[in-house]
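See below for the structure under consideration.
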Amino acid sequence: MREKTKRRLAAIVSADVAGYSRLVGMDEEGTLRALVQYRREIVDPLVGDHGGRIANTAGDSLLLEFSSVVEAVRCSVEIQRGIADRNADVLAEQQVRFRIGINVGDVIAEGSDLLGDAVNIAARVEALSTPGGIAISDNAYRQVRDRLEIAWQDSGEHELKNISRPVKVWRWSQTDKSEVGLPVPAHVDRNRPTKPSIAVLPFKNLSGDSEQEYFADGLTEDLIMAISYWRSFPVIARNSSFTYKGRSVRPEQVAAELGVRYILDGSLRKAANRIRVTVSLVDTENGHEIWAERMDRHLDDIFVLQDEITTKVAATTGYQLQQAEIARSAQRLNDDPTAWDLVAKGLPYFYEHTCDANRRARMCFEQAVAAAPQYSDAWAYLAWAHGHDLMIECAEDRGSTISAGLDAGLRAVSLDERSALAHLALSSVYVWSGDVASALAEAKCALDLNPNDVRAGFAVGNRQTLIGDLEEGIATIKTALSLNPRDPYRWHYFGYLSRAYLTLGEPEHALEWARQAVQLRPDQADVHFRLALCQAHRGDLEESKKALSRCEQLAPGLVARRRGWSPYPDVERNDQLLAPLRNAGLL
C-alpha cells in the first residue's frame, strides 16, 4: 500500500560531484571507486552522526534531510573538509569534489523521497556553490548566522530556474580569508606582494544646487564600494576619504596621509535636466593624470544614472590601474622586484597571445608564486597562462597542462575565495578541460564577486553560448564590451560573437565581428580562420580561400588542425559550424 503523502519542515542538503561527466570520461573506474569510498567512509557516517538521513541518491547526487539546519551545515562543513583531506595527494584534475547547497522549508514526503519548492531551491542553490564549498539560502542563513562561527560571503540575490522569487545566497569556502591590507612598509619582507592602493575623494558639486550634494556623496560612496571589488587594488575606506570633503588638497598630500598610490577624483554639474560628470585618475607620485573622462547624461532616473556611472567608472578604473602598474613595474624590475611587479611584468606577454610570449608570461607568474606562495593573484594568472597554452595550441602535453592549470586555479581560489580573478582563471582551465558546466559556474561566481570586471562578463557570455544560450550570451558579451571598449583582449571576444552569430544562422552579423577582430589583431591566425568561416557561410568561397591562405601563412598547419575544431560540447553544432568549409573542400 502506498505511503500517505506528508508535509513537514526540514533542512535540505543537495550535493553532487563537480565535473562528474569529465571525471568519468577520464577514469570511470577510478572515479566511481573514489565516490563509493567517500560515501562509505565520510558522507554516510557524518550524516548519521548529525541526525540526518539520505532521502535520495541518483548517480553522483545526494539529497539529505535534517531536522536542524545548524546540524545540516555542521555536517556539510565536515564532509567538505574530510573530502579535501583525502584529496590532498590526488591530482587536481582527478579530484572528486562535491558542491553543496542548503535550504530550509516545507517539504512533501513521498515515501522516503522529498519534493517541493524547498527541495528545488536547495538544488538550484547548490549549483551556485564552488567545488569543495557550500552555498545556502537566506532562509537557512538567518538560522545559523549567530549560532555557528562560519565566515559566510554574501553573493547577493539570484534568479533561480522555476522559482518565482529571487533568492539571496550565502557562500562558504574551506579557507578562512582576511581582508587584503594596504601596501606593507619597506622593512617588511619584500617577497610579499606590494599592491597599489587607491583613494576615491568626495566628488565636488559644481552645480550650485544643494540637492545635488546628495548625488555627489552617493556617487562617491558607490564608487568606493564598486572599486573595492577589484581586490588587486585596496581601496581606502569611506571614513578616511570623506575627511577631504570640501578641502582643496594636492595629490602628494593625500598620498602621504593615506599611503595611497592613486587618487580617483571627480565633479558634477547640473544644467536643466542634464548632468555632466567628470572623472580623473591621478598618480600621486608624479601628479600625472592617467585617465580622464566626461559623461553627459539626462536626469530621468537619478538612481539608474548613479548605477550607470558607477559601473562604467569602476570598470574603466580597474583596467587603467592595471595598465599604469604594468608601465611602473617595467621601470623598476631591476630594483628588488616584488611579487606584484613580477605579475605586472608578465601581463604584457600574457596579452600578446603567442606561444613565445605566453611562455615568458608563465615564467614571470611562476617566479611570483615562488616569491609569494600565498599570493592568490599570481596563482590565478599562472592558471590562466596554462589555459592560454591550451587555447593557442602551445601545450606540449595537454593532460599535464590541464592538471597544472587546475592545480594553480584551485590554489588561487583556496587562497582568496572572494577573488573574481581566481574564479575567472579557474573557469578558463575548466573550459579547456571540457567541463563547460563548471566553467560557467566559476565565471558566474567571478561576475557575482566583481560585477565591474568586464573579463568576467565576457567569460559568462562565452560559456552561455557554449551551452546553447546564444542570445543571452551575445547580450552578456555586448554589455561587457560597452563597459570597457579599450580592453586589449576584445578582439578575442569579437571571435566569440562571430561564432555565436554563425550558430544562430546570421552570417552577416558574424562577418562584421570577424572583420573587427582582424582589424585589431591581423597578426593572429585564428581571426583569419574565423573570417574564412564567415565568408564560407555567406557562400563567398573566393574570399574564404584568401582568409585561409593568410591563416596558413601566419600559422602553418592550423587550417588542417581546425578540421577537428570542436568549440561546442555537442557534435551537431560543431558540424554545423564547419559544414560550409568542409562541403567546399576547403577544410
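Residue numbering restarts at 1 in every chain; chains get A, B, ... in the order shown in the C-alpha cells, and ligands count up from 1 in that same order.
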
Excluding stretch 117-124 of chain A and any residue of its chain fewer than 2 positions from it, enumerate the residues within 12 Å of it, using only C-alpha atoms, and give them as a ChimeraX atom specification. /A:7-16,55-56,61-65,99-109,113-115,126-129,134-140,158-169,441

Cut-off 12 Å: closest stretch 409-491 of chain A/stretch 342-353 of chain A atom pairs per residue, using only C-alpha atoms, as a tab-separated table:
residue	atom	partner	partner_atom	distance
A:Asp487	CA	A:Tyr351	CA	10.2
A:Pro488	CA	A:Tyr351	CA	7.1
A:Tyr489	CA	A:Tyr351	CA	6.7
A:Arg490	CA	A:Tyr351	CA	10.5
A:Trp491	CA	A:Tyr351	CA	11.0

What does the distance from atom CA of A:Arg515 to atom CA of A:Lys546 come to in Å, to one decimal? 13.5 Å

Interatomic distance, atom CA of A:Asp407 to atom CA of A:Gln80 (Å, one decimal): 17.8 Å

All alpha helix (DSSP H) positions in stretch 413-490 of chain A, as number ranges by chain: A: 413-415, 420-433, 436-449, 454-467, 470-483, 490

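If only C-alpha atoms are the atoms counted, then among A:Tyr141, A:Tyr20, A:Trp172, A:Phe458 the closest residue to A:Val77 is A:Trp172.
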
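All residues of protein, DNA or RNA that reach within 6 Å of A:Leu440, judged by only C-alpha atoms and not counting those fewer than 3 positions away in the chain, are Ala437, Ala443 and Arg463 of chain A.
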
Assign secondary structure with DSSP using the backbone only, and return the residues of stretch 58-188 of chain A in strand (DSSP E) as a VMD selection string. chain A and resid 58 61 to 66 98 to 110 113 to 115 134 to 137 153 to 158 167 to 172

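Take atom CA of A:Arg411 and atom CA of A:Ser173: the distance between them is 12.4 Å.
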
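Shell of A:Glu93 at 8 Å, with only C-alpha atoms counted and residues fewer than 3 places along the chain excluded, is A:Leu23, A:Ile402, A:Ser403, A:Leu406, A:Asp407.
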
Can you tell me which residues surround A:Val70 at a distance of at most 10 Å, considering only C-alpha atoms, apart from same-chain residues fewer than 4 positions away, and format the answer as JSON, numbers by chain? {"A": [11, 50, 66, 74, 75, 76, 140, 141, 143, 144, 145, 147, 148]}

Please produce an output containing N, CA and C atoms for each residue in the selection, written as a PDB file, in the first residue's frame.
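Just written: part.pdb:
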ATOM      1  N   ALA A  11      15.415  20.815   6.940  1.00  0.00           N
ATOM      2  CA  ALA A  11      16.625  21.401   6.338  1.00  0.00           C
ATOM      3  C   ALA A  11      17.078  20.433   5.242  1.00  0.00           C
ATOM      4  N   HIS A  50      25.087  13.437  12.658  1.00  0.00           N
ATOM      5  CA  HIS A  50      24.422  14.740  12.837  1.00  0.00           C
ATOM      6  C   HIS A  50      22.903  14.640  12.757  1.00  0.00           C
ATOM      7  N   PHE A  66      17.614  16.960   7.260  1.00  0.00           N
ATOM      8  CA  PHE A  66      17.945  17.160   8.666  1.00  0.00           C
ATOM      9  C   PHE A  66      16.783  17.889   9.331  1.00  0.00           C
ATOM     10  N   ARG A  74      26.719  21.997   9.876  1.00  0.00           N
ATOM     11  CA  ARG A  74      27.877  21.366  10.517  1.00  0.00           C
ATOM     12  C   ARG A  74      28.303  20.105   9.769  1.00  0.00           C
ATOM     13  N   CYS A  75      27.338  19.291   9.417  1.00  0.00           N
ATOM     14  CA  CYS A  75      27.620  18.057   8.697  1.00  0.00           C
ATOM     15  C   CYS A  75      28.254  18.359   7.348  1.00  0.00           C
ATOM     16  N   SER A  76      27.709  19.334   6.636  1.00  0.00           N
ATOM     17  CA  SER A  76      28.222  19.679   5.301  1.00  0.00           C
ATOM     18  C   SER A  76      29.651  20.182   5.363  1.00  0.00           C
ATOM     19  N   ALA A 140      18.051  29.704   5.303  1.00  0.00           N
ATOM     20  CA  ALA A 140      18.965  28.901   6.119  1.00  0.00           C
ATOM     21  C   ALA A 140      19.962  29.787   6.861  1.00  0.00           C
ATOM     22  N   TYR A 141      20.459  30.819   6.172  1.00  0.00           N
ATOM     23  CA  TYR A 141      21.473  31.695   6.769  1.00  0.00           C
ATOM     24  C   TYR A 141      20.953  32.360   8.044  1.00  0.00           C
ATOM     25  N   GLN A 143      19.072  31.311  10.220  1.00  0.00           N
ATOM     26  CA  GLN A 143      19.013  30.394  11.367  1.00  0.00           C
ATOM     27  C   GLN A 143      20.388  29.976  11.881  1.00  0.00           C
ATOM     28  N   VAL A 144      21.434  30.204  11.086  1.00  0.00           N
ATOM     29  CA  VAL A 144      22.763  29.749  11.519  1.00  0.00           C
ATOM     30  C   VAL A 144      23.762  30.881  11.754  1.00  0.00           C
ATOM     31  N   ARG A 145      23.433  32.098  11.303  1.00  0.00           N
ATOM     32  CA  ARG A 145      24.433  33.179  11.326  1.00  0.00           C
ATOM     33  C   ARG A 145      24.950  33.504  12.721  1.00  0.00           C
ATOM     34  N   ARG A 147      24.757  31.293  15.308  1.00  0.00           N
ATOM     35  CA  ARG A 147      24.950  30.048  16.056  1.00  0.00           C
ATOM     36  C   ARG A 147      26.231  29.311  15.666  1.00  0.00           C
ATOM     37  N   LEU A 148      26.774  29.628  14.511  1.00  0.00           N
ATOM     38  CA  LEU A 148      27.981  28.951  14.048  1.00  0.00           C
ATOM     39  C   LEU A 148      29.038  29.985  13.683  1.00  0.00           C
TER      40      LEU A 148
END
